[in-house]
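Participant: Below you'll find the structure I mean.
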Amino acid sequence: MNLKQFRKQFPNEGACRKYLEKVVWPHGRVCPHCGCLKSWSLSGTSAWPGLYECSGCKGQFTVTTKTPMHSTKLPLRTWLLAMYFLINSSKGVSSVFLAKWLGVTQKTAWKIGHGIRAMMAGHAVSLGLLDGIVELDEKYLGGKPRFQQGVKHARGKATKKACIHVAVSRKGPAQASMIPGDSYAVLAPYVKQVVAPDSWIMTDQLQPYVAIGKQFAGHERVHHGIKEFARGKVHVNTAESFNAILERAKQGVFHFVSHRHLPRYLSEVVFRWNNPDPVEKKRNGLSTIVMQAKPVLEQLGILLNQAVGTQLRRTIYGGVAIPQPLFGG
Ligand SMILES: [Zn+2]
């Protein structure tokens, strides 16, 4: 979908609102205040299209109530366009460019970007535990220290860089979070929170993993120290390709991101990784499977459905359940 097709699909606010209502409420309207399934649309001089009143709590709501889109007074079209740009870029978009493309101030673009990243985080939570063979790795992200003659700077964990934990299932999905270090006390509960206990985990030689591995169905370690990078199926190459994407995103877009905002940028990288589309390509008469990004409209649907779903999940009692965010996310 190109920009021209996007404009045709979403020509005005009404079209955007109808699209959002269809994606957010696929089985009919749900009151975001109390979870009630009965509501009516409001009419009259003080009402506007898309404003509903709940039959249960008598509260008023629209499709964006209790979502990141609600707090700004921006047109829905601006939000959808921003999502289009963020989803379409392979490395992310800085707020400076987003502002230019959307015709808003950088401050507003920054808010929009983080609103969308919050929705992406919601999608990561909805994935549940990773299972199968799961590769675990840590990555330290941060700027390079300034060059000083004769000074050898510390590397990796000896610096103030943020520790990012990466878990990638060989089945596809990944999770990444900023964690406060790589000690057993931090890693053990975190890994339990993202990886299913019946999984096989693959790690490097980091000491805490010895004890952590015993809590899973199996554990294999790669000995990077003796230049061992793979032993048959034992490797953490998938986690390392994820780390490479993270590194590129850091260099391209979020180079000066503070530790406070980093988790949201991680959600963006994770969302992109988790929404690929296997496409068959022919090269020299041989067909290979290449991972491409899912079509924009499909990703938009996934993003919105889960996003709003994070605040608006129907429970078996008809109430609203708000899932807890993952550790550090
Ligand atoms: Zn209600």
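A note on labels: chains of the structure tokens are A, B, ... as shown, every chain counts residues from 1, and ligands are counted from 1 in their shown order.
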What does the list of residues within 9 Å of ligand 1 look like if you count only C-alpha atoms and all ligand atoms, written as a VMD selection string?
Facilitator: chain A and resid 30 to 39 53 to 61
Participant: Extract, using only C-alpha atoms, all DNA, RNA and protein residues at most 7 Å from A:Val236, discarding same-chain residues fewer than 5 positions from it, and format them as a list of chain:residue names.
Facilitator: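 Here the answer would be A:Glu135, A:Met202, A:Thr203.
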Participant: Could you name the residues that touch stretch 10-26 of chain A at 8 Å or less, counting only C-alpha atoms, but leaving out those on the same chain fewer than 4 positions away, as a ChimeraX atom specification?
Facilitator: /A:6,30,50,63,75-77,80,301,304-305,308-309
Participant: Please, could you write that set of residues out with N, CA and C atoms as a PDB file, in the first residue's frame?
Facilitator:
ATOM      1  N   PHE A   6      -3.308   4.835   0.539  1.00  0.00           N
ATOM      2  CA  PHE A   6      -3.678   5.124   1.929  1.00  0.00           C
ATOM      3  C   PHE A   6      -4.684   6.271   1.968  1.00  0.00           C
ATOM      4  N   VAL A  30     -17.917  -2.305  22.956  1.00  0.00           N
ATOM      5  CA  VAL A  30     -17.712  -2.658  24.361  1.00  0.00           C
ATOM      6  C   VAL A  30     -17.428  -1.357  25.095  1.00  0.00           C
ATOM      7  N   GLY A  50     -19.910   9.149  16.466  1.00  0.00           N
ATOM      8  CA  GLY A  50     -18.960   8.251  17.118  1.00  0.00           C
ATOM      9  C   GLY A  50     -18.971   8.353  18.621  1.00  0.00           C
ATOM     10  N   VAL A  63     -14.440   5.459  20.155  1.00  0.00           N
ATOM     11  CA  VAL A  63     -13.570   4.313  19.853  1.00  0.00           C
ATOM     12  C   VAL A  63     -12.148   4.528  20.404  1.00  0.00           C
ATOM     13  N   PRO A  75      -6.700  14.814  14.702  1.00  0.00           N
ATOM     14  CA  PRO A  75      -7.601  14.008  13.865  1.00  0.00           C
ATOM     15  C   PRO A  75      -7.134  12.546  13.838  1.00  0.00           C
ATOM     16  N   LEU A  76      -8.087  11.638  13.718  1.00  0.00           N
ATOM     17  CA  LEU A  76      -7.750  10.208  13.648  1.00  0.00           C
ATOM     18  C   LEU A  76      -6.876   9.933  12.439  1.00  0.00           C
ATOM     19  N   ARG A  77      -7.083  10.718  11.408  1.00  0.00           N
ATOM     20  CA  ARG A  77      -6.336  10.535  10.172  1.00  0.00           C
ATOM     21  C   ARG A  77      -4.841  10.759  10.418  1.00  0.00           C
ATOM     22  N   LEU A  80      -3.560   7.602  12.097  1.00  0.00           N
ATOM     23  CA  LEU A  80      -3.426   6.478  11.167  1.00  0.00           C
ATOM     24  C   LEU A  80      -2.249   6.689  10.217  1.00  0.00           C
ATOM     25  N   GLY A 301      -4.154  -3.367  11.446  1.00  0.00           N
ATOM     26  CA  GLY A 301      -5.224  -4.078  12.142  1.00  0.00           C
ATOM     27  C   GLY A 301      -4.715  -4.755  13.403  1.00  0.00           C
ATOM     28  N   LEU A 304      -3.851  -2.030  16.085  1.00  0.00           N
ATOM     29  CA  LEU A 304      -5.004  -1.392  16.715  1.00  0.00           C
ATOM     30  C   LEU A 304      -5.799  -2.362  17.557  1.00  0.00           C
ATOM     31  N   ASN A 305      -5.974  -3.561  17.031  1.00  0.00           N
ATOM     32  CA  ASN A 305      -6.750  -4.553  17.750  1.00  0.00           C
ATOM     33  C   ASN A 305      -6.142  -4.838  19.115  1.00  0.00           C
ATOM     34  N   VAL A 308      -5.748  -1.387  21.602  1.00  0.00           N
ATOM     35  CA  VAL A 308      -6.883  -0.977  22.365  1.00  0.00           C
ATOM     36  C   VAL A 308      -7.254  -2.140  23.253  1.00  0.00           C
ATOM     37  N   GLY A 309      -6.945  -3.341  22.773  1.00  0.00           N
ATOM     38  CA  GLY A 309      -7.224  -4.542  23.548  1.00  0.00           C
ATOM     39  C   GLY A 309      -6.479  -4.590  24.865  1.00  0.00           C
TER      40      GLY A 309
END
Participant: Can you list, as a list of chain:residue names, every protein, DNA or RNA residue that comes within 12 Å of A:Gln5 when you count only C-alpha atoms, leaving out same-chain residues fewer than 6 positions away?
Facilitator: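 In the requested format, the answer is A:Pro11, A:Leu81, A:Tyr84, A:Val296, A:Leu297.
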Participant: To one decimal place in Å, what is the distance between atom CA of A:Ile179 and atom CA of A:His261?
Facilitator: 13.2 Å
